[in-house]
>>> print(open('my_file-v6.tsv').read())   # TSV, C-alpha atoms
chain	number	residue	atom	x	y	z
A	1	MET	CA	-4.33	24.40	28.99
A	2	VAL	CA	-2.03	26.97	30.57
A	3	LEU	CA	1.27	25.63	31.77
A	4	LYS	CA	3.73	27.78	33.67
A	5	ASN	CA	6.76	25.73	32.77
A	6	PRO	CA	5.77	23.09	30.26
A	7	ILE	CA	9.30	21.83	29.74
A	8	GLU	CA	9.28	20.30	33.21
A	9	LYS	CA	6.13	18.42	32.33
A	10	LEU	CA	7.62	16.82	29.24
A	11	ASN	CA	7.94	13.09	29.65
A	12	LYS	CA	11.57	12.17	30.32
A	13	ILE	CA	11.11	8.84	28.57
A	14	PHE	CA	10.49	10.65	25.29
A	15	GLU	CA	13.63	12.74	25.53
A	16	SER	CA	15.41	10.22	23.35
A	17	ARG	CA	14.85	10.70	19.64
A	18	ILE	CA	14.85	6.95	19.11
A	19	ARG	CA	12.25	6.22	21.79
A	20	LEU	CA	10.06	8.95	20.37
A	21	GLY	CA	10.56	7.43	16.93
A	22	VAL	CA	9.57	3.95	18.15
A	23	MET	CA	6.42	5.36	19.70
A	24	SER	CA	5.57	7.30	16.52
A	25	VAL	CA	5.84	4.13	14.43
A	26	LEU	CA	3.80	2.06	16.89
A	27	MET	CA	1.05	4.67	17.13
A	28	VAL	CA	0.16	4.21	13.45
A	29	ASN	CA	0.94	0.48	13.09
A	30	GLU	CA	-0.72	-2.27	15.06
A	31	GLU	CA	2.39	-4.40	15.44
A	32	VAL	CA	5.91	-3.89	14.12
A	33	ASN	CA	8.80	-6.32	14.40
A	34	PHE	CA	12.36	-5.58	15.45
A	35	ASN	CA	13.90	-5.57	11.98
A	36	ASP	CA	11.29	-3.28	10.52
A	37	LEU	CA	11.76	-0.83	13.40
A	38	LYS	CA	15.51	-0.94	12.86
A	39	GLN	CA	15.06	-0.22	9.16
A	40	LEU	CA	12.58	2.60	9.69
A	41	LEU	CA	14.58	4.39	12.37
A	42	GLU	CA	18.00	3.67	10.87
A	43	VAL	CA	19.61	2.55	14.14
A	44	THR	CA	21.86	-0.30	15.22
A	45	ASP	CA	20.61	-3.49	16.90
A	46	GLY	CA	22.10	-2.75	20.31
A	47	ASN	CA	20.95	0.82	20.37
A	48	LEU	CA	17.39	-0.08	19.44
A	49	ALA	CA	17.25	-2.96	21.92
A	50	THR	CA	18.28	-0.68	24.78
A	51	HIS	CA	15.61	1.86	23.98
A	52	LEU	CA	12.96	-0.81	23.50
A	53	ASN	CA	13.82	-2.16	26.98
A	54	VAL	CA	13.29	1.25	28.54
A	55	LEU	CA	9.93	1.59	26.83
A	56	GLU	CA	8.89	-1.91	27.85
A	57	GLU	CA	9.92	-1.40	31.48
A	58	SER	CA	7.90	1.79	31.65
A	59	GLY	CA	4.89	-0.14	30.38
A	60	TYR	CA	4.49	1.91	27.21
A	61	ILE	CA	4.98	-0.97	24.79
A	62	LYS	CA	4.38	-4.70	24.93
A	63	VAL	CA	6.46	-7.44	23.35
A	64	HIS	CA	5.06	-10.38	21.46
A	65	LYS	CA	7.41	-13.22	20.61
A	66	SER	CA	6.54	-15.89	18.09
A	67	PHE	CA	8.20	-18.28	15.71
A	68	ILE	CA	8.33	-17.99	11.95
A	69	GLY	CA	9.67	-21.40	11.04
A	70	ARG	CA	12.65	-21.71	13.36
A	71	LYS	CA	13.41	-18.01	13.63
A	72	THR	CA	12.06	-15.99	16.50
A	73	ASN	CA	10.04	-12.99	15.51
A	74	THR	CA	9.79	-10.24	18.10
A	75	ALA	CA	6.99	-7.80	17.53
A	76	TYR	CA	6.16	-4.67	19.47
A	77	ALA	CA	2.88	-2.87	20.06
A	78	VAL	CA	1.90	0.20	22.00
A	79	THR	CA	-0.06	-0.22	25.27
A	80	ARG	CA	-2.95	1.92	26.52
A	81	PRO	CA	-0.75	3.84	29.01
A	82	GLY	CA	1.86	4.27	26.27
A	83	GLU	CA	-0.73	5.71	23.92
A	84	LYS	CA	-1.91	8.15	26.58
A	85	ALA	CA	1.62	9.20	27.53
A	86	PHE	CA	2.50	9.81	23.88
A	87	LYS	CA	-0.62	11.89	23.26
A	88	ASP	CA	0.02	13.95	26.40
A	89	HIS	CA	3.57	14.52	25.22
A	90	LEU	CA	2.28	15.79	21.86
A	91	LYS	CA	-0.18	18.11	23.60
A	92	ILE	CA	2.59	19.68	25.66
A	93	LEU	CA	4.78	20.12	22.58
A	94	GLU	CA	1.89	21.81	20.81
A	95	SER	CA	1.20	24.09	23.77
A	96	MET	CA	4.86	25.08	23.81
A	97	ILE	CA	4.60	26.12	20.18
A	98	ARG	CA	1.51	28.17	20.93
A	99	ASN	CA	3.27	29.94	23.81
A	100	ILE	CA	6.25	30.83	21.66
A	101	SER	CA	4.26	32.33	18.86
B	1	MET	CA	15.00	18.51	24.88
B	2	GLU	CA	17.46	20.30	22.66
B	3	LYS	CA	15.36	20.46	19.57
B	4	ILE	CA	12.68	23.05	19.26
B	5	PRO	CA	9.19	21.56	19.57
B	6	GLN	CA	8.22	22.30	15.94
B	7	GLU	CA	11.09	20.20	14.73
B	8	THR	CA	10.23	17.34	17.07
B	9	LEU	CA	6.59	17.39	15.94
B	10	SER	CA	7.53	17.40	12.28
B	11	ASP	CA	9.93	14.50	12.91
B	12	ILE	CA	7.10	12.55	14.54
B	13	HIS	CA	4.81	13.30	11.61
B	14	ARG	CA	7.45	12.27	9.10
B	15	ILE	CA	8.12	8.94	10.84
B	16	MET	CA	4.39	8.20	11.07
B	17	GLU	CA	3.97	8.88	7.35
B	18	ARG	CA	7.00	6.87	6.38
B	19	SER	CA	6.02	3.85	8.46
B	20	SER	CA	2.41	3.66	7.36
B	21	ARG	CA	2.45	4.28	3.61
B	22	PHE	CA	4.54	3.03	0.71
B	23	ARG	CA	5.60	6.30	-0.91
B	24	SER	CA	7.82	5.16	-3.75
B	25	LEU	CA	5.02	4.15	-6.10
B	26	ASN	CA	6.16	5.14	-9.57
B	27	GLY	CA	3.70	6.67	-12.03
B	28	PHE	CA	5.52	4.93	-14.87
B	29	SER	CA	4.47	1.61	-13.33
B	30	PHE	CA	0.89	2.42	-14.23
B	31	VAL	CA	1.82	3.78	-17.64
B	32	ALA	CA	3.67	0.52	-18.36
B	33	ALA	CA	0.76	-1.57	-17.03
B	34	GLY	CA	-1.59	0.52	-19.17
B	35	ILE	CA	0.44	-0.14	-22.32
B	36	CYS	CA	0.32	-3.89	-21.52
B	37	GLY	CA	-3.44	-3.56	-21.01
B	38	LEU	CA	-3.92	-1.89	-24.38
B	39	LEU	CA	-1.78	-4.48	-26.17
B	40	GLY	CA	-3.71	-7.24	-24.39
B	41	ALA	CA	-7.04	-5.78	-25.47
B	42	TRP	CA	-5.81	-5.43	-29.06
B	43	TRP	CA	-4.52	-9.01	-29.05
B	44	THR	CA	-7.83	-10.26	-27.63
B	45	SER	CA	-9.85	-8.36	-30.23
B	46	ARG	CA	-7.77	-9.95	-32.99
B	47	SER	CA	-8.19	-13.44	-31.61
B	48	ILE	CA	-11.98	-13.16	-31.46
B	49	ALA	CA	-12.43	-10.95	-34.52
B	50	HIS	CA	-14.60	-13.62	-36.16
B	51	ARG	CA	-17.14	-13.58	-33.30
B	52	LYS	CA	-20.19	-11.42	-32.88
B	53	LEU	CA	-20.13	-9.51	-29.60
B	54	PRO	CA	-21.50	-9.45	-27.01
B	55	LEU	CA	-21.59	-13.17	-26.39
B	56	SER	CA	-24.95	-14.41	-25.22
B	57	ALA	CA	-25.27	-16.66	-22.17
B	58	GLY	CA	-24.45	-20.28	-22.80
B	59	GLU	CA	-23.16	-19.65	-26.30
B	60	THR	CA	-20.79	-22.38	-27.27
B	61	VAL	CA	-17.16	-21.42	-27.39
B	62	SER	CA	-14.58	-24.01	-28.27
B	63	PRO	CA	-12.09	-25.04	-25.57
B	64	ASN	CA	-9.32	-24.00	-27.90
B	65	GLU	CA	-10.61	-20.44	-28.12
B	66	ILE	CA	-10.81	-20.27	-24.33
B	67	ARG	CA	-7.28	-21.57	-24.04
B	68	VAL	CA	-6.04	-18.80	-26.31
B	69	LEU	CA	-7.91	-16.15	-24.32
B	70	VAL	CA	-6.59	-17.44	-21.01
B	71	TRP	CA	-3.05	-17.36	-22.41
B	72	ILE	CA	-3.52	-13.78	-23.59
B	73	ALA	CA	-4.89	-12.74	-20.21
B	74	GLY	CA	-2.04	-14.50	-18.40
B	75	PHE	CA	0.60	-12.89	-20.60
B	76	THR	CA	-0.94	-9.46	-20.27
B	77	LEU	CA	-1.26	-9.68	-16.50
B	78	SER	CA	2.29	-10.99	-16.02
B	79	ALA	CA	3.75	-8.34	-18.31
B	80	ALA	CA	1.80	-5.62	-16.49
B	81	VAL	CA	2.81	-6.81	-13.03
B	82	ILE	CA	6.48	-7.31	-13.96
B	83	SER	CA	6.87	-3.96	-15.72
B	84	GLY	CA	4.92	-2.26	-12.95
B	85	LEU	CA	7.13	-3.76	-10.25
B	86	LEU	CA	10.24	-2.89	-12.21
B	87	PHE	CA	9.58	0.85	-12.41
B	88	THR	CA	8.59	1.04	-8.76
B	89	LEU	CA	11.65	-0.90	-7.59
B	90	ILE	CA	13.84	1.39	-9.70
B	91	LYS	CA	12.37	4.35	-7.84
B	92	VAL	CA	12.94	2.65	-4.46
B	93	LYS	CA	16.56	2.01	-5.44
B	94	LYS	CA	17.04	5.61	-6.61
B	95	ARG	CA	15.79	6.93	-3.28
B	96	ASN	CA	18.22	4.61	-1.51
B	97	LEU	CA	15.52	2.89	0.50
B	98	PRO	CA	15.44	-0.78	1.53
B	99	LEU	CA	13.86	-2.82	-1.26
B	100	LEU	CA	11.23	-4.92	0.47
B	101	ASP	CA	10.42	-2.96	3.58
B	102	MET	CA	7.31	-3.22	5.74
B	103	THR	CA	5.25	-0.71	3.75
B	104	PHE	CA	6.06	-2.47	0.46
B	105	ARG	CA	5.06	-5.86	1.89
B	106	ARG	CA	1.79	-4.41	3.15
B	107	VAL	CA	0.83	-2.70	-0.07
B	108	SER	CA	1.69	-5.83	-2.07
B	109	ALA	CA	-0.38	-8.09	0.16
B	110	SER	CA	-3.35	-5.73	0.23
B	111	PHE	CA	-3.27	-5.58	-3.58
B	112	ALA	CA	-2.56	-9.26	-4.19
B	113	ILE	CA	-5.29	-10.74	-2.00
B	114	PRO	CA	-8.29	-9.32	-3.93
B	115	MET	CA	-6.46	-10.06	-7.20
B	116	LEU	CA	-6.00	-13.71	-6.20
B	117	ALA	CA	-9.63	-13.94	-5.10
B	118	GLY	CA	-10.55	-12.46	-8.49
B	119	GLY	CA	-8.38	-14.99	-10.29
B	120	ILE	CA	-10.13	-17.87	-8.54
B	121	PHE	CA	-13.55	-16.34	-9.17
B	122	ILE	CA	-12.83	-15.90	-12.88
B	123	ALA	CA	-11.56	-19.49	-13.07
B	124	GLY	CA	-15.00	-20.44	-11.70
B	125	VAL	CA	-16.75	-18.26	-14.27
B	126	LEU	CA	-14.79	-20.06	-17.00
B	127	PHE	CA	-15.64	-23.42	-15.47
B	128	TYR	CA	-19.36	-22.62	-15.65
B	129	HIS	CA	-19.01	-21.19	-19.19
B	130	GLN	CA	-20.44	-17.82	-18.14
B	131	TYR	CA	-18.11	-15.92	-20.48
B	132	GLN	CA	-20.18	-12.75	-20.50
B	133	PHE	CA	-19.04	-11.99	-16.92
B	134	ILE	CA	-15.28	-12.30	-17.48
B	135	ALA	CA	-14.48	-8.75	-18.56
B	136	SER	CA	-16.48	-7.07	-15.82
B	137	ALA	CA	-15.10	-9.45	-13.17
B	138	CYS	CA	-11.53	-8.58	-14.22
B	139	LEU	CA	-12.24	-4.86	-13.94
B	140	LEU	CA	-14.18	-5.25	-10.70
B	141	PHE	CA	-11.54	-7.20	-8.80
B	142	TYR	CA	-8.78	-4.90	-10.07
B	143	GLY	CA	-10.77	-1.94	-8.76
B	144	ILE	CA	-11.28	-3.60	-5.37
B	145	ALA	CA	-7.57	-4.46	-5.17
B	146	LEU	CA	-6.64	-0.83	-5.87
B	147	ILE	CA	-9.03	0.48	-3.22
B	148	ASN	CA	-7.65	-2.02	-0.73
B	149	ALA	CA	-4.06	-1.02	-1.54
B	150	SER	CA	-4.87	2.69	-1.25
B	151	HIS	CA	-4.75	2.38	2.56
B	152	TYR	CA	-1.03	1.66	2.37
B	153	THR	CA	0.25	3.88	-0.42
B	154	VAL	CA	-0.51	7.13	-2.26
B	155	LYS	CA	-4.16	7.94	-1.55
B	156	GLU	CA	-4.98	8.78	-5.17
B	157	ILE	CA	-5.19	5.15	-6.26
B	158	TYR	CA	-8.49	5.02	-4.40
B	159	PHE	CA	-10.03	7.10	-7.20
B	160	LEU	CA	-8.58	4.86	-9.89
B	161	GLY	CA	-10.17	1.94	-8.02
B	162	ILE	CA	-13.57	3.64	-8.02
B	163	ALA	CA	-13.24	4.40	-11.75
B	164	GLU	CA	-12.43	0.73	-12.46
B	165	ILE	CA	-15.48	-0.43	-10.50
B	166	ILE	CA	-17.76	1.97	-12.39
B	167	THR	CA	-16.28	0.68	-15.67
B	168	ALA	CA	-16.91	-2.89	-14.48
B	169	ILE	CA	-20.58	-2.15	-13.76
B	170	ILE	CA	-21.08	-0.43	-17.12
B	171	CYS	CA	-19.43	-3.43	-18.77
B	172	LEU	CA	-21.71	-5.85	-16.92
B	173	PHE	CA	-24.88	-4.20	-18.21
B	174	ALA	CA	-23.82	-2.63	-21.49
B	175	GLY	CA	-21.30	-5.09	-22.91
B	176	TYR	CA	-18.58	-3.54	-25.11
B	177	GLU	CA	-16.13	-5.86	-23.31
B	178	ILE	CA	-13.02	-5.25	-25.41
B	179	LEU	CA	-13.55	-1.51	-25.55
B	180	LEU	CA	-14.08	-1.23	-21.80
B	181	LEU	CA	-11.14	-3.54	-21.02
B	182	ALA	CA	-8.96	-1.28	-23.16
B	183	LEU	CA	-10.35	1.76	-21.35
B	184	GLY	CA	-10.12	0.31	-17.83
B	185	PHE	CA	-6.79	-1.47	-18.03
B	186	GLY	CA	-5.18	0.64	-20.76
B	187	ILE	CA	-6.24	4.26	-20.92
B	188	MET	CA	-7.20	4.72	-17.27
B	189	ASN	CA	-3.95	3.19	-15.93
B	190	MET	CA	-1.89	5.32	-18.31
B	191	LEU	CA	-3.69	8.55	-17.46
B	192	PHE	CA	-3.49	7.84	-13.75
B	193	GLY	CA	0.19	6.95	-14.04
B	194	LEU	CA	0.95	10.27	-15.70
B	195	ILE	CA	-0.99	12.13	-13.01
B	196	ILE	CA	0.86	10.57	-10.08
B	197	TRP	CA	4.19	10.68	-11.90
B	198	ASN	CA	3.67	14.42	-12.29
B	199	LYS	CA	2.66	14.82	-8.66
B	200	TYR	CA	5.35	12.71	-6.96
B	201	LYS	CA	8.35	13.03	-9.29
>>> encode(input="my_file-v6.tsv", output="structure tokens")
Amino acid sequence: MVLKNPIEKLNKIFESRIRLGVMSVLMVNEEVNFNDLKQLLEVTDGNLATHLNVLEESGYIKVHKSFIGRKTNTAYAVTRPGEKAFKDHLKILESMIRNIS
Amino acid sequence: MEKIPQETLSDIHRIMERSSRFRSLNGFSFVAAGICGLLGAWWTSRSIAHRKLPLSAGETVSPNEIRVLVWIAGFTLSAAVISGLLFTLIKVKKRNLPLLDMTFRRVSASFAIPMLAGGIFIAGVLFYHQYQFIASACLLFYGIALINASHYTVKEIYFLGIAEIITAIICLFAGYEILLLALGFGIMNMLFGLIIWNKYK
């Protein structure tokens, strides 16, 4: 894969460190709930919620709400398009490294 | 993208590792569990010192003797689990990580489910008075629990699991219950604990 200007091809959605972090967690875990994501990525509620919304609107993750007793449990999972987008993003990053060295 | 790509990729790798495996397993947990195992085996050998081993199938054992053995097993298991948990939670605390995070819950559940199944199975073995299977069943289910847990924590415990299963099979055919319980739950846990303590300190 030869790219003239790979930086332009990098997915804008993954520019945020937090969104990239969410995707990294969801790639290796089937389903992760809000609190666990917050703990893993060390971010605040509001911040995480915003980024999760962006990812959901772009169709990269899906939300699954359920009840544990009376508390709502919101779990997130990666979608097929999300998985593909993330893998493409990794490929471009890797090709950038190859071009530098 | 301000960060250089290498850094981004290593961040991704780090987050994937951190979210999929419990990494604070403490080697001392296994050393402590091993010491409990050895003490348990010694205690058991004292309580049945008057018996000729191995027991043959259907041999009569008094309910009182069984009660004592079940108590010893219960004490040993509780002591091993509590001291094991303690050392691992100390390590989690030292590393300033949340105590009961997702990876910890997963590794606990994957370990506890085969152990519970084993507990029920062994209760059945006792119920049918098939005492000659108890030692190997204990070792076997412990081995399966370790292999199951190895998906969610340091990979090396897979090999301890295999070693326990081999010990269980030897025990099933060759007898030497007390000796092999001391080896499987005592020596092997302690050795393994020292190995991973040395590797992940």
>>> residues_around(input="my_file-v6.tsv", residues="Val43 in chain A", least_positions_apart="4", cutoff="12 Å", atoms="only C-alpha atoms", output="number ranges by chain")
A: 17-19, 21-22, 34-39, 47-52
>>> interface_residues(input="my_file-v6.tsv", of="chain B", to="chain A", cutoff="12 Å", atoms="only C-alpha atoms", output="PDB file with C-alpha atoms, keeping the file's coordinate frame")
ATOM      1  CA  MET B   1      15.000  18.510  24.880  1.00  0.00           C
ATOM      2  CA  GLU B   2      17.460  20.300  22.660  1.00  0.00           C
ATOM      3  CA  LYS B   3      15.360  20.460  19.570  1.00  0.00           C
ATOM      4  CA  ILE B   4      12.680  23.050  19.260  1.00  0.00           C
ATOM      5  CA  PRO B   5       9.190  21.560  19.570  1.00  0.00           C
ATOM      6  CA  GLN B   6       8.220  22.300  15.940  1.00  0.00           C
ATOM      7  CA  GLU B   7      11.090  20.200  14.730  1.00  0.00           C
ATOM      8  CA  THR B   8      10.230  17.340  17.070  1.00  0.00           C
ATOM      9  CA  LEU B   9       6.590  17.390  15.940  1.00  0.00           C
ATOM     10  CA  SER B  10       7.530  17.400  12.280  1.00  0.00           C
ATOM     11  CA  ASP B  11       9.930  14.500  12.910  1.00  0.00           C
ATOM     12  CA  ILE B  12       7.100  12.550  14.540  1.00  0.00           C
ATOM     13  CA  HIS B  13       4.810  13.300  11.610  1.00  0.00           C
ATOM     14  CA  ARG B  14       7.450  12.270   9.100  1.00  0.00           C
ATOM     15  CA  ILE B  15       8.120   8.940  10.840  1.00  0.00           C
ATOM     16  CA  MET B  16       4.390   8.200  11.070  1.00  0.00           C
ATOM     17  CA  GLU B  17       3.970   8.880   7.350  1.00  0.00           C
ATOM     18  CA  ARG B  18       7.000   6.870   6.380  1.00  0.00           C
ATOM     19  CA  SER B  19       6.020   3.850   8.460  1.00  0.00           C
ATOM     20  CA  SER B  20       2.410   3.660   7.360  1.00  0.00           C
ATOM     21  CA  ARG B  21       2.450   4.280   3.610  1.00  0.00           C
ATOM     22  CA  LEU B  97      15.520   2.890   0.500  1.00  0.00           C
ATOM     23  CA  PRO B  98      15.440  -0.780   1.530  1.00  0.00           C
ATOM     24  CA  LEU B  99      13.860  -2.820  -1.260  1.00  0.00           C
ATOM     25  CA  LEU B 100      11.230  -4.920   0.470  1.00  0.00           C
ATOM     26  CA  ASP B 101      10.420  -2.960   3.580  1.00  0.00           C
ATOM     27  CA  MET B 102       7.310  -3.220   5.740  1.00  0.00           C
ATOM     28  CA  THR B 103       5.250  -0.710   3.750  1.00  0.00           C
ATOM     29  CA  PHE B 104       6.060  -2.470   0.460  1.00  0.00           C
ATOM     30  CA  ARG B 105       5.060  -5.860   1.890  1.00  0.00           C
ATOM     31  CA  ARG B 106       1.790  -4.410   3.150  1.00  0.00           C
ATOM     32  CA  TYR B 152      -1.030   1.660   2.370  1.00  0.00           C
TER      33      TYR B 152
END
>>> atom_distance(input="my_file-v6.tsv", atom1="CA of Phe86 in chain A", atom2="CA of Thr74 in chain A")
22.1 Å
>>> residues_around(input="my_file-v6.tsv", residues="range 70-79 of chain B", least_positions_apart="5", cutoff="9 Å", atoms="only C-alpha atoms", output="JSON list (two decimals) with C-alpha atoms, in the coordinates of the input")
[["chain", "number", "residue", "atom", "x", "y", "z"],
["B", 32, "ALA", "CA", 3.67, 0.52, -18.36],
["B", 33, "ALA", "CA", 0.76, -1.57, -17.03],
["B", 36, "CYS", "CA", 0.32, -3.89, -21.52],
["B", 37, "GLY", "CA", -3.44, -3.56, -21.01],
["B", 39, "LEU", "CA", -1.78, -4.48, -26.17],
["B", 40, "GLY", "CA", -3.71, -7.24, -24.39],
["B", 41, "ALA", "CA", -7.04, -5.78, -25.47],
["B", 43, "TRP", "CA", -4.52, -9.01, -29.05],
["B", 44, "THR", "CA", -7.83, -10.26, -27.63],
["B", 65, "GLU", "CA", -10.61, -20.44, -28.12],
["B", 84, "GLY", "CA", 4.92, -2.26, -12.95]]
>>> atom_distance(input="my_file-v6.tsv", atom1="CA of Phe159 in chain B", atom2="CA of Lys94 in chain B")
27.1 Å
>>> atom_distance(input="my_file-v6.tsv", atom1="CA of Leu181 in chain B", atom2="CA of Lys201 in chain B")
28.1 Å
>>> decode(input="my_file-v6.tsv", residues="range 4-23 of chain B", atoms="N, CA and C atoms", output="PDB file, in the first residue's frame")
ATOM      1  N   ILE B   4       3.168  11.247  17.285  1.00  0.00           N
ATOM      2  CA  ILE B   4       3.739  10.439  16.216  1.00  0.00           C
ATOM      3  C   ILE B   4       3.056   9.077  16.222  1.00  0.00           C
ATOM      4  N   PRO B   5       2.926   8.455  15.032  1.00  0.00           N
ATOM      5  CA  PRO B   5       2.160   7.215  14.928  1.00  0.00           C
ATOM      6  C   PRO B   5       2.642   6.099  15.861  1.00  0.00           C
ATOM      7  N   GLN B   6       3.954   5.984  16.078  1.00  0.00           N
ATOM      8  CA  GLN B   6       4.437   4.927  16.982  1.00  0.00           C
ATOM      9  C   GLN B   6       3.801   5.048  18.357  1.00  0.00           C
ATOM     10  N   GLU B   7       3.733   6.273  18.814  1.00  0.00           N
ATOM     11  CA  GLU B   7       3.209   6.515  20.148  1.00  0.00           C
ATOM     12  C   GLU B   7       1.723   6.147  20.213  1.00  0.00           C
ATOM     13  N   THR B   8       0.994   6.547  19.163  1.00  0.00           N
ATOM     14  CA  THR B   8      -0.429   6.224  19.106  1.00  0.00           C
ATOM     15  C   THR B   8      -0.633   4.711  19.109  1.00  0.00           C
ATOM     16  N   LEU B   9       0.163   4.014  18.293  1.00  0.00           N
ATOM     17  CA  LEU B   9       0.018   2.548  18.231  1.00  0.00           C
ATOM     18  C   LEU B   9       0.355   1.898  19.567  1.00  0.00           C
ATOM     19  N   SER B  10       1.372   2.412  20.238  1.00  0.00           N
ATOM     20  CA  SER B  10       1.723   1.773  21.512  1.00  0.00           C
ATOM     21  C   SER B  10       0.676   2.102  22.579  1.00  0.00           C
ATOM     22  N   ASP B  11       0.046   3.277  22.466  1.00  0.00           N
ATOM     23  CA  ASP B  11      -1.078   3.603  23.360  1.00  0.00           C
ATOM     24  C   ASP B  11      -2.218   2.608  23.156  1.00  0.00           C
ATOM     25  N   ILE B  12      -2.548   2.366  21.885  1.00  0.00           N
ATOM     26  CA  ILE B  12      -3.637   1.444  21.551  1.00  0.00           C
ATOM     27  C   ILE B  12      -3.337   0.067  22.127  1.00  0.00           C
ATOM     28  N   HIS B  13      -2.103  -0.379  21.942  1.00  0.00           N
ATOM     29  CA  HIS B  13      -1.706  -1.700  22.423  1.00  0.00           C
ATOM     30  C   HIS B  13      -1.819  -1.783  23.950  1.00  0.00           C
ATOM     31  N   ARG B  14      -1.389  -0.697  24.592  1.00  0.00           N
ATOM     32  CA  ARG B  14      -1.407  -0.671  26.059  1.00  0.00           C
ATOM     33  C   ARG B  14      -2.849  -0.742  26.588  1.00  0.00           C
ATOM     34  N   ILE B  15      -3.740   0.034  25.948  1.00  0.00           N
ATOM     35  CA  ILE B  15      -5.138   0.032  26.395  1.00  0.00           C
ATOM     36  C   ILE B  15      -5.783  -1.335  26.160  1.00  0.00           C
ATOM     37  N   MET B  16      -5.454  -1.954  25.031  1.00  0.00           N
ATOM     38  CA  MET B  16      -6.012  -3.283  24.749  1.00  0.00           C
ATOM     39  C   MET B  16      -5.554  -4.293  25.799  1.00  0.00           C
ATOM     40  N   GLU B  17      -4.267  -4.250  26.137  1.00  0.00           N
ATOM     41  CA  GLU B  17      -3.734  -5.151  27.154  1.00  0.00           C
ATOM     42  C   GLU B  17      -4.416  -4.922  28.500  1.00  0.00           C
ATOM     43  N   ARG B  18      -4.474  -3.644  28.874  1.00  0.00           N
ATOM     44  CA  ARG B  18      -4.989  -3.297  30.191  1.00  0.00           C
ATOM     45  C   ARG B  18      -6.457  -3.657  30.343  1.00  0.00           C
ATOM     46  N   SER B  19      -7.218  -3.587  29.231  1.00  0.00           N
ATOM     47  CA  SER B  19      -8.651  -3.838  29.346  1.00  0.00           C
ATOM     48  C   SER B  19      -9.000  -5.308  29.190  1.00  0.00           C
ATOM     49  N   SER B  20      -8.053  -6.134  28.783  1.00  0.00           N
ATOM     50  CA  SER B  20      -8.429  -7.528  28.558  1.00  0.00           C
ATOM     51  C   SER B  20      -7.817  -8.502  29.554  1.00  0.00           C
ATOM     52  N   ARG B  21      -6.786  -8.082  30.281  1.00  0.00           N
ATOM     53  CA  ARG B  21      -6.174  -9.006  31.243  1.00  0.00           C
ATOM     54  C   ARG B  21      -5.963  -8.357  32.598  1.00  0.00           C
ATOM     55  N   PHE B  22      -6.173  -9.142  33.645  1.00  0.00           N
ATOM     56  CA  PHE B  22      -5.905  -8.674  34.999  1.00  0.00           C
ATOM     57  C   PHE B  22      -4.402  -8.851  35.243  1.00  0.00           C
ATOM     58  N   ARG B  23      -3.691  -7.731  35.409  1.00  0.00           N
ATOM     59  CA  ARG B  23      -2.230  -7.818  35.412  1.00  0.00           C
ATOM     60  C   ARG B  23      -1.625  -7.689  36.800  1.00  0.00           C
TER      61      ARG B  23
END
